[in-house]
$ cat query-v2.csv   # CSV, C-alpha atoms and all ligand atoms
chain,number,residue,atom,x,y,z
Y,1,MET,CA,2.9,21.2,4.0
Y,2,LEU,CA,3.4,21.7,0.3
Y,3,ILE,CA,5.2,18.7,-1.1
Y,4,HIS,CA,5.1,19.2,-4.9
Y,5,GLU,CA,4.8,22.7,-6.2
Y,6,GLN,CA,3.9,21.9,-9.8
Y,7,ALA,CA,1.3,19.3,-8.9
Y,8,LYS,CA,0.1,21.5,-6.0
Y,9,ILE,CA,0.2,18.5,-3.6
Y,10,TYR,CA,0.0,19.1,0.2
Y,11,ARG,CA,0.7,16.4,2.8
Y,12,VAL,CA,-1.7,16.3,5.7
Y,13,LYS,CA,-0.2,14.1,8.4
Y,14,LEU,CA,-2.8,12.9,10.9
Y,15,PRO,CA,-2.1,11.2,14.2
Y,16,MET,CA,-3.0,7.5,14.9
Y,17,PRO,CA,-3.4,5.7,18.2
Y,18,PHE,CA,-2.0,2.5,16.8
Y,19,GLU,CA,1.7,1.5,16.4
Y,20,LEU,CA,1.7,3.1,13.0
Y,21,ASP,CA,1.7,6.5,14.7
Y,22,HIS,CA,0.4,8.5,11.7
Y,23,ILE,CA,-1.3,8.4,8.4
Y,24,ASN,CA,-0.4,10.7,5.4
Y,25,CYS,CA,-3.4,12.1,3.6
Y,26,TYR,CA,-2.9,14.4,0.7
Y,27,ALA,CA,-4.8,17.5,-0.5
Y,28,ILE,CA,-4.3,18.6,-4.1
Y,29,LYS,CA,-5.2,22.1,-5.2
Y,30,GLY,CA,-6.9,22.8,-8.6
Y,31,LYS,CA,-8.4,25.6,-10.5
Y,32,ASN,CA,-11.9,24.3,-9.7
Y,33,GLY,CA,-11.3,23.1,-6.2
Y,34,TRP,CA,-9.4,20.6,-4.0
Y,35,SER,CA,-9.1,16.8,-4.1
Y,36,LEU,CA,-8.2,14.7,-1.2
Y,37,VAL,CA,-6.5,11.3,-1.2
Y,38,ASP,CA,-7.5,9.4,2.0
Y,39,CYS,CA,-8.9,11.1,5.0
Y,40,GLY,CA,-8.0,9.5,8.3
Y,41,LEU,CA,-9.8,8.2,11.4
Y,42,ASN,CA,-13.2,9.5,12.5
Y,43,ASP,CA,-11.9,11.1,15.7
Y,44,GLU,CA,-11.6,14.7,16.9
Y,45,PRO,CA,-7.8,15.2,16.4
Y,46,SER,CA,-8.1,14.2,12.7
Y,47,PHE,CA,-11.2,16.4,12.1
Y,48,VAL,CA,-9.7,19.4,13.9
Y,49,LEU,CA,-6.5,19.0,11.8
Y,50,TRP,CA,-8.5,19.0,8.6
Y,51,GLN,CA,-10.3,22.1,9.7
Y,52,GLU,CA,-7.0,23.8,10.6
Y,53,PHE,CA,-5.6,22.9,7.2
Y,54,MET,CA,-8.6,24.4,5.5
Y,55,LYS,CA,-8.4,27.5,7.5
Y,56,VAL,CA,-4.6,28.1,6.9
Y,57,ASN,CA,-5.0,27.5,3.2
Y,58,GLY,CA,-8.2,29.6,2.8
Y,59,ILE,CA,-10.3,26.6,1.8
Y,60,ALA,CA,-14.1,26.8,2.2
Y,61,PRO,CA,-15.8,23.4,2.7
Y,62,ARG,CA,-17.5,23.6,-0.7
Y,63,ASP,CA,-14.0,24.0,-2.3
Y,64,ILE,CA,-13.3,20.4,-1.6
Y,65,ASN,CA,-15.0,18.5,-4.4
Y,66,GLY,CA,-13.5,15.0,-4.5
Y,67,ILE,CA,-12.3,12.5,-1.9
Y,68,TYR,CA,-10.4,9.5,-3.3
Y,69,LEU,CA,-9.9,6.5,-1.0
Y,70,THR,CA,-7.1,4.1,-1.7
Y,71,HIS,CA,-8.9,1.3,0.4
Y,72,SER,CA,-11.4,0.7,3.1
Y,73,HIS,CA,-9.1,0.3,6.2
Y,74,ILE,CA,-10.4,2.7,8.9
Y,75,ASP,CA,-7.3,4.9,9.0
Y,76,HIS,CA,-7.8,5.7,5.3
Y,77,CYS,CA,-11.6,6.1,5.1
Y,78,GLU,CA,-13.4,6.4,8.4
Y,79,LEU,CA,-13.6,10.2,8.3
Y,80,ALA,CA,-15.0,10.2,4.8
Y,81,ALA,CA,-18.7,10.4,5.7
Y,82,ARG,CA,-18.2,13.3,8.1
Y,83,LEU,CA,-16.0,15.2,5.6
Y,84,GLN,CA,-18.6,14.5,2.9
Y,85,GLN,CA,-21.3,16.0,5.1
Y,86,LEU,CA,-19.1,19.0,5.7
Y,87,THR,CA,-18.1,19.7,2.2
Y,88,GLY,CA,-20.6,18.0,-0.1
Y,89,ALA,CA,-17.6,16.3,-1.9
Y,90,GLN,CA,-18.0,13.2,-4.0
Y,91,VAL,CA,-16.2,10.2,-2.5
Y,92,TYR,CA,-14.6,7.6,-4.7
Y,93,MET,CA,-13.5,4.0,-4.0
Y,94,SER,CA,-13.1,0.7,-5.8
Y,95,ALA,CA,-16.1,-1.6,-6.0
Y,96,LEU,CA,-14.2,-4.4,-4.1
Y,97,GLU,CA,-13.4,-2.1,-1.2
Y,98,ALA,CA,-16.9,-0.6,-1.1
Y,99,GLU,CA,-18.3,-4.2,-0.8
Y,100,SER,CA,-15.6,-5.4,1.6
Y,101,GLN,CA,-16.8,-3.2,4.5
Y,102,GLU,CA,-20.1,-5.0,4.5
Y,103,ARG,CA,-18.5,-8.4,3.9
Y,104,PHE,CA,-16.1,-7.8,6.8
Y,105,ARG,CA,-18.9,-7.2,9.2
Y,106,ASN,CA,-21.0,-10.1,8.0
Y,107,VAL,CA,-18.1,-12.6,8.1
Y,108,SER,CA,-17.1,-11.7,11.7
Y,109,ARG,CA,-20.7,-11.7,12.9
Y,110,SER,CA,-21.5,-15.0,11.3
Y,111,GLY,CA,-18.7,-16.8,13.1
Y,112,GLN,CA,-16.6,-17.5,10.1
Y,113,PHE,CA,-13.8,-15.6,11.7
Y,114,SER,CA,-13.7,-17.9,14.7
Y,115,GLU,CA,-14.1,-20.9,12.4
Y,116,LEU,CA,-10.9,-19.8,10.6
Y,117,LEU,CA,-9.1,-19.4,13.9
Y,118,LEU,CA,-10.2,-22.8,15.1
Y,119,LYS,CA,-9.2,-24.4,11.8
Y,120,ASN,CA,-5.8,-22.9,12.2
Y,121,ASP,CA,-5.3,-24.4,15.6
Y,122,VAL,CA,-5.6,-21.2,17.7
Y,123,PRO,CA,-6.5,-22.1,21.3
Y,124,LEU,CA,-10.1,-21.4,22.3
Y,125,VAL,CA,-9.1,-19.0,25.0
Y,126,LEU,CA,-7.3,-16.8,22.5
Y,127,ILE,CA,-10.2,-17.1,19.9
Y,128,SER,CA,-12.6,-15.3,22.2
Y,129,LYS,CA,-10.0,-12.6,23.0
Y,130,LEU,CA,-9.2,-12.2,19.2
Y,131,GLU,CA,-12.9,-12.0,18.5
Y,132,GLU,CA,-13.4,-9.3,21.0
Y,133,VAL,CA,-10.7,-7.1,19.5
Y,134,TRP,CA,-11.2,-7.9,15.8
Y,135,GLY,CA,-14.9,-8.1,16.0
Y,136,GLU,CA,-15.7,-4.8,17.7
Y,137,ASP,CA,-12.8,-2.4,18.2
Y,138,LEU,CA,-11.6,-2.7,14.6
Y,139,ILE,CA,-15.0,-2.6,13.0
Y,140,PRO,CA,-16.9,0.2,14.8
Y,141,GLU,CA,-20.4,0.9,13.5
Y,142,GLN,CA,-19.3,3.6,11.1
Y,143,GLU,CA,-21.4,5.7,8.9
Y,144,MET,CA,-20.4,5.2,5.3
Y,145,PRO,CA,-20.3,8.1,2.8
Y,146,VAL,CA,-22.2,8.0,-0.5
Y,147,LEU,CA,-19.7,6.3,-2.7
Y,148,LEU,CA,-18.9,6.6,-6.4
Y,149,ILE,CA,-17.0,3.6,-7.9
Y,150,ILE,CA,-13.7,3.9,-9.7
Y,151,GLY,CA,-11.6,1.1,-11.1
Y,152,HIS,CA,-8.4,0.1,-12.9
Y,153,GLY,CA,-7.7,2.3,-16.0
Y,154,ASP,CA,-10.1,5.1,-15.1
Y,155,LYS,CA,-8.7,8.6,-15.2
Y,156,VAL,CA,-9.3,11.0,-12.3
Y,157,LEU,CA,-8.5,14.6,-11.8
Y,158,LEU,CA,-6.5,15.4,-8.7
Y,159,GLY,CA,-6.1,19.1,-8.7
Y,160,ASP,CA,-5.6,20.0,-12.3
Y,161,LEU,CA,-3.6,16.9,-13.3
Y,162,GLU,CA,-5.0,13.6,-14.7
Y,163,TYR,CA,-4.0,10.5,-12.8
Y,164,SER,CA,-4.6,6.8,-13.9
Y,165,VAL,CA,-6.3,4.6,-11.4
Y,166,MET,CA,-4.3,1.4,-10.7
Y,167,LEU,CA,-5.9,-1.6,-9.1
Y,168,THR,CA,-3.2,-3.0,-6.7
Y,169,PRO,CA,-4.7,-5.8,-4.6
Y,170,GLY,CA,-2.8,-7.7,-1.9
Y,171,HIS,CA,-2.9,-5.5,1.2
Y,172,ALA,CA,-6.6,-5.0,0.5
Y,173,ASP,CA,-8.5,-6.7,-2.3
Y,174,GLY,CA,-9.5,-3.5,-4.0
Y,175,HIS,CA,-6.6,-1.3,-3.1
Y,176,LEU,CA,-6.0,1.6,-5.6
Y,177,CYS,CA,-3.0,3.7,-6.4
Y,178,PHE,CA,-3.1,6.9,-8.4
Y,179,TYR,CA,-0.4,7.6,-11.0
Y,180,ASN,CA,0.6,10.6,-13.1
Y,181,ALA,CA,3.0,9.5,-15.8
Y,182,LYS,CA,4.0,13.0,-17.0
Y,183,LEU,CA,5.4,14.1,-13.7
Y,184,GLY,CA,6.1,10.6,-12.4
Y,185,ILE,CA,4.0,10.9,-9.2
Y,186,LEU,CA,2.5,7.8,-7.5
Y,187,PHE,CA,0.1,7.9,-4.6
Y,188,SER,CA,0.9,4.5,-3.3
Y,189,GLY,CA,-1.5,4.2,-0.4
Y,190,ASP,CA,-0.5,1.1,1.7
Y,191,ASN,CA,0.7,-0.8,-1.4
Y,192,ILE,CA,4.3,0.4,-1.2
Y,193,LEU,CA,5.6,1.9,2.0
Y,194,PRO,CA,9.1,3.2,2.5
Y,195,GLU,CA,10.0,1.5,5.8
Y,196,ILE,CA,7.6,-1.3,6.6
Y,197,SER,CA,6.2,-4.1,4.6
Y,198,PRO,CA,2.4,-3.8,4.4
Y,199,ASN,CA,0.5,-6.6,6.1
Y,200,ILE,CA,-0.7,-9.2,3.6
Y,201,SER,CA,-3.3,-11.4,5.3
Y,202,LEU,CA,-5.6,-14.2,4.2
Y,203,TRP,CA,-9.0,-13.8,5.9
Y,204,PRO,CA,-12.5,-15.3,5.1
Y,205,TRP,CA,-13.4,-12.0,3.6
Y,206,SER,CA,-10.4,-11.7,1.3
Y,207,ARG,CA,-9.4,-13.1,-2.1
Y,208,PRO,CA,-7.9,-16.6,-1.9
Y,209,ASN,CA,-4.2,-15.9,-2.6
Y,210,PRO,CA,-3.5,-12.3,-1.4
Y,211,LEU,CA,0.3,-12.7,-1.4
Y,212,ASN,CA,0.2,-13.7,-5.1
Y,213,ASP,CA,-2.0,-10.6,-5.7
Y,214,TYR,CA,0.4,-8.4,-3.9
Y,215,LEU,CA,3.5,-9.7,-5.8
Y,216,GLU,CA,1.7,-9.0,-9.0
Y,217,SER,CA,0.7,-5.5,-7.8
Y,218,LEU,CA,4.4,-4.8,-7.1
Y,219,GLU,CA,5.3,-6.0,-10.6
Y,220,LEU,CA,2.7,-3.7,-12.1
Y,221,CYS,CA,4.4,-0.7,-10.4
Y,222,ARG,CA,8.0,-1.7,-10.9
Y,223,ASP,CA,8.6,-0.1,-14.3
Y,224,LEU,CA,6.6,3.1,-13.8
Y,225,TYR,CA,8.5,6.3,-14.6
Y,226,CYS,CA,8.4,7.7,-11.1
Y,227,ASN,CA,10.0,10.7,-9.4
Y,228,LEU,CA,7.9,10.8,-6.2
Y,229,VAL,CA,6.1,8.1,-4.3
Y,230,LEU,CA,3.6,9.4,-1.8
Y,231,PRO,CA,2.8,6.7,0.7
Y,232,ALA,CA,0.1,6.5,3.4
Y,233,HIS,CA,2.7,5.9,6.1
Y,234,GLY,CA,6.3,7.2,6.4
Y,235,GLU,CA,8.2,9.8,4.3
Y,236,PRO,CA,7.7,10.3,0.6
Y,237,PHE,CA,10.5,8.7,-1.5
Y,238,SER,CA,11.8,8.3,-5.0
Y,239,ASN,CA,13.5,5.0,-5.4
Y,240,LEU,CA,10.4,3.0,-6.4
Y,241,ALA,CA,12.1,0.0,-8.2
Y,242,GLU,CA,14.6,-0.4,-5.4
Y,243,ARG,CA,11.9,-0.4,-2.7
Y,244,ILE,CA,9.9,-2.9,-4.7
Y,245,SER,CA,12.9,-5.2,-4.8
Y,246,VAL,CA,13.4,-5.0,-1.0
Y,247,LEU,CA,9.7,-5.7,-0.4
Y,248,GLU,CA,9.9,-8.8,-2.7
Y,249,GLU,CA,13.0,-10.0,-0.9
Y,250,THR,CA,11.2,-9.6,2.5
Y,251,HIS,CA,8.4,-11.9,1.3
Y,252,LYS,CA,10.9,-14.3,-0.2
Y,253,GLU,CA,12.7,-14.5,3.1
Y,254,LYS,CA,9.5,-15.1,5.0
Y,255,LEU,CA,8.5,-17.8,2.6
Y,256,ASP,CA,11.9,-19.5,3.0
Y,257,LEU,CA,11.6,-19.2,6.8
Y,258,ILE,CA,8.1,-20.7,6.8
Y,259,LYS,CA,9.3,-23.6,4.6
Y,260,SER,CA,12.2,-24.2,6.9
Y,261,PHE,CA,9.8,-24.6,9.8
Y,262,VAL,CA,7.5,-27.0,8.0
Y,263,VAL,CA,9.8,-30.0,8.7
Y,264,GLU,CA,7.0,-32.0,10.0
Y,265,GLU,CA,3.2,-31.5,9.9
Y,266,THR,CA,2.3,-28.2,11.4
Y,267,THR,CA,-0.4,-25.6,11.7
Y,268,VAL,CA,-0.7,-21.8,11.2
Y,269,TYR,CA,-0.8,-21.2,15.0
Y,270,LYS,CA,2.3,-23.4,15.7
Y,271,LEU,CA,4.2,-21.4,13.0
Y,272,VAL,CA,3.1,-18.1,14.4
Y,273,LEU,CA,4.5,-19.1,17.8
Y,274,GLN,CA,7.8,-20.2,16.2
Y,275,ILE,CA,8.2,-17.1,14.2
Y,276,TYR,CA,6.8,-14.4,16.5
Y,277,GLY,CA,6.8,-16.0,19.9
Y,278,ASP,CA,3.9,-15.9,22.4
Y,279,LYS,CA,4.0,-12.3,23.5
Y,280,LEU,CA,2.0,-10.6,20.7
Y,281,ASP,CA,-1.0,-8.5,21.7
Y,282,MET,CA,-4.4,-9.4,20.1
Y,283,ILE,CA,-4.0,-6.9,17.2
Y,284,ASN,CA,-0.6,-8.2,16.2
Y,285,LEU,CA,-1.5,-11.8,16.8
Y,286,GLY,CA,-4.4,-11.4,14.4
Y,287,LEU,CA,-2.1,-9.9,11.8
Y,288,ALA,CA,0.5,-12.6,12.3
Y,289,ILE,CA,-2.0,-15.4,11.9
Y,290,GLY,CA,-3.4,-13.7,8.7
Y,291,GLU,CA,0.1,-13.2,7.3
Y,292,VAL,CA,1.5,-16.7,8.0
Y,293,TYR,CA,-1.8,-18.2,6.5
Y,294,ALA,CA,-1.4,-16.0,3.4
Y,295,HIS,CA,2.3,-17.2,2.9
Y,296,LEU,CA,1.3,-20.8,3.5
Y,297,MET,CA,-1.5,-20.7,1.0
Y,298,PHE,CA,0.9,-19.1,-1.6
Y,299,LEU,CA,3.3,-22.0,-1.1
Y,300,CYS,CA,0.4,-24.5,-1.4
Y,301,ASN,CA,-0.7,-22.9,-4.6
Y,302,LYS,CA,2.9,-23.4,-5.9
Y,303,GLY,CA,2.9,-27.0,-4.8
Y,304,GLU,CA,5.7,-26.4,-2.4
Y,305,ILE,CA,3.7,-27.3,0.6
Y,306,GLN,CA,0.7,-29.6,1.0
Y,307,LEU,CA,-2.5,-28.9,2.9
Y,308,SER,CA,-4.7,-31.6,4.5
Y,309,GLU,CA,-7.7,-31.4,6.8
Y,310,LYS,CA,-8.3,-33.6,9.8
Y,311,GLU,CA,-11.1,-33.2,12.3
Y,312,GLY,CA,-11.8,-29.6,11.3
Y,313,LYS,CA,-8.2,-28.5,11.4
Y,314,GLN,CA,-5.8,-27.6,8.6
Y,315,PHE,CA,-2.3,-29.2,8.6
Y,316,PHE,CA,0.6,-28.2,6.4
Y,317,ARG,CA,3.6,-30.3,5.4
Y,318,LEU,CA,6.3,-30.7,2.7
Y,319,PRO,CA,5.1,-32.7,-0.3
Y,320,LYS,CA,6.0,-36.4,-0.2
Y,321,PRO,CA,9.0,-37.0,-2.5
Y,322,LEU,CA,8.0,-39.0,-5.7
Y,323,VAL,CA,9.4,-42.5,-5.5
P,1,ZN,ZN,-4.4,-0.6,5.0
$ encode --input "query-v2.csv" --output "structure tokens"
Amino acid sequence: MLIHEQAKIYRVKLPMPFELDHINCYAIKGKNGWSLVDCGLNDEPSFVLWQEFMKVNGIAPRDINGIYLTHSHIDHCELAARLQQLTGAQVYMSALEAESQERFRNVSRSGQFSELLLKNDVPLVLISKLEEVWGEDLIPEQEMPVLLIIGHGDKVLLGDLEYSVMLTPGHADGHLCFYNAKLGILFSGDNILPEISPNISLWPWSRPNPLNDYLESLELCRDLYCNLVLPAHGEPFSNLAERISVLEETHKEKLDLIKSFVVEETTVYKLVLQIYGDKLDMINLGLAIGEVYAHLMFLCNKGEIQLSEKEGKQFFRLPKPLV
């Protein structure tokens, strides 16, 4: 579907088996070929939809010459290797995301993932279930494309227009957005979504304070001249600054909620139960643990909560008042 006539941007909506339902990828037409932003899961429905899109628009495989990945989560990049084999396109990603795939695997394999869960008071029976889901299903052995590295401040051609590469960490350490100032177009990836707040989690493989990274990334985008935000999930939108304020407010409310529960010494897992209950499936439980942990560490860094370790577990409490 053509979504911006002047910039020649097409939205390619691909199905997803998870709760998210779909991912938006984008194809941009240029005089010398097509560029793609994100490319979907490596499954038959996604591959067939790309082939149909190419057929309908008269695109030969060799016409696709660049695939730009916002980050390394599988819904954004898993199909990249197969599309690269089909088209010969160059595939671009940030250095941190290119590394993180490998780091993610090594960390979960080396047991640091279960160590983190144990440290956060997650019961043993749940640790093995979480490991099963997070260790295998979410990290399938996938073929990686040959990657070229891009970073903050680089200029890339999407179609015939130049876009600035913006490093926007938080949801993923090396998350990238692509911005054209002339027309006010922002490919926002998972950094800014219209309806949901992207998951911000602290994991052994991530930077130490992802919520702070995320709030800084939002700040970086707030004053952009912007007419069209093209997100990876949900409908394109235009009210960028307003949406950023809502996302900031959402995190502020979550920080306040967490602080209100830290009346006495507590742990990440106890807080997850208080906030989300005990009915979460293993995917959402993993995300909830990561998210609560990220918010707690943000508060610890601000000195609003104190962290202590006892017998291999981490405990959080309000700081003792100065006498
Ligand atoms: Zn993501």
$ closest_residue --input "query-v2.csv" --among "Y:Thr70, Y:Asn180, Y:Gln101, Y:Ser260" --to "ligand ZN 1 (chain P)" --atoms "all atoms listed in the file"
Y:Thr70
$ residues_around --input "query-v2.csv" --residues "Pro15 of chain Y" --least-positions-apart "2" --cutoff "9 Å" --atoms "only C-alpha atoms" --output "ChimeraX atom specification"
/Y:13,17,21-24,40-41,45-46
$ closest_residue --input "query-v2.csv" --among "Y:Glu131, Y:Asp190, Y:Asp278, Y:Glu195" --to "ligand ZN 1 (chain P)" --atoms "all atoms listed in the file"
Y:Asp190
$ residues_near_ligand --input "query-v2.csv" --ligand "ligand ZN 1 (chain P)" --cutoff "8 Å" --atoms "all atoms listed in the file" --output "list in words"
His71, Ser72, His73, Ile74, Asp75, His76, His171, Ala172, Gly189, Asp190, Pro198 and Asn199 of chain Y
$ closest_residue --input "query-v2.csv" --among "Y:Glu311, Y:Val122, Y:Val37, Y:Tyr10" --to "Asn57 of chain Y" --atoms "only C-alpha atoms"
Y:Tyr10
$ residues_around --input "query-v2.csv" --residues "Cys300 of chain Y" --least-positions-apart "5" --cutoff "10 Å" --atoms "only C-alpha atoms" --output "PDB file with C-alpha atoms, in the frame of the given file"
ATOM      1  CA  ASN Y 209      -4.200 -15.900  -2.600  1.00  0.00           C
ATOM      2  CA  ALA Y 294      -1.400 -16.000   3.400  1.00  0.00           C
ATOM      3  CA  HIS Y 295       2.300 -17.200   2.900  1.00  0.00           C
ATOM      4  CA  ILE Y 305       3.700 -27.300   0.600  1.00  0.00           C
ATOM      5  CA  GLN Y 306       0.700 -29.600   1.000  1.00  0.00           C
ATOM      6  CA  LEU Y 307      -2.500 -28.900   2.900  1.00  0.00           C
ATOM      7  CA  PHE Y 316       0.600 -28.200   6.400  1.00  0.00           C
ATOM      8  CA  ARG Y 317       3.600 -30.300   5.400  1.00  0.00           C
ATOM      9  CA  LEU Y 318       6.300 -30.700   2.700  1.00  0.00           C
ATOM     10  CA  PRO Y 319       5.100 -32.700  -0.300  1.00  0.00           C
TER      11      PRO Y 319
END
$ residues_around --input "query-v2.csv" --residues "Tyr179 of chain Y" --least-positions-apart "2" --cutoff "9 Å" --atoms "only C-alpha atoms" --output "list in words"
Glu162, Tyr163, Ser164, Val165, Met166, Cys177, Ala181, Gly184, Ile185, Leu186, Phe187, Ser188, Leu224 and Cys226 of chain Y
$ atom_distance --input "query-v2.csv" --atom1 "atom CA of Tyr225 of chain Y" --atom2 "atom CA of Arg243 of chain Y"
14.1 Å
$ atom_distance --input "query-v2.csv" --atom1 "atom CA of Asn120 of chain Y" --atom2 "atom CA of Ala98 of chain Y"
28.2 Å
$ closest_residue --input "query-v2.csv" --among "Y:Lys259, Y:Lys55, Y:His152, Y:His233" --to "Leu193 of chain Y" --atoms "only C-alpha atoms"
Y:His233
$ closest_residue --input "query-v2.csv" --among "Y:Glu253, Y:Asp281, Y:Asp121, Y:Asp154" --to "Leu176 of chain Y" --atoms "all atoms listed in the file"
Y:Asp154
$ atom_distance --input "query-v2.csv" --atom1 "atom CA of Ile127 of chain Y" --atom2 "atom CA of Glu304 of chain Y"
28.9 Å
$ closest_residue --input "query-v2.csv" --among "Y:Cys39, Y:Glu143, Y:Leu116, Y:Lys252" --to "Tyr269 of chain Y" --atoms "only C-alpha atoms"
Y:Leu116
$ residues_around --input "query-v2.csv" --residues "Arg82 of chain Y" --least-positions-apart "2" --cutoff "10 Å" --atoms "all atoms listed in the file" --output "PyMOL selection string"
chain Y and resi 42+47+78-80+84-88+143-145
$ residues_near_point --input "query-v2.csv" --point "(-14.1, 8.0, -5.3)" --cutoff "8 Å" --atoms "all atoms listed in the file" --output "list in words"
Gly66, Ile67, Tyr68, Leu69, Gln90, Val91, Tyr92, Met93, Ser94, Leu147, Leu148, Ile149 and Ile150 of chain Y
$ residues_around --input "query-v2.csv" --residues "Ser114 of chain Y" --least-positions-apart "6" --cutoff "12 Å" --atoms "only C-alpha atoms" --output "PyMOL selection string"
chain Y and resi 107-108+120-132+134-135+203-204+286
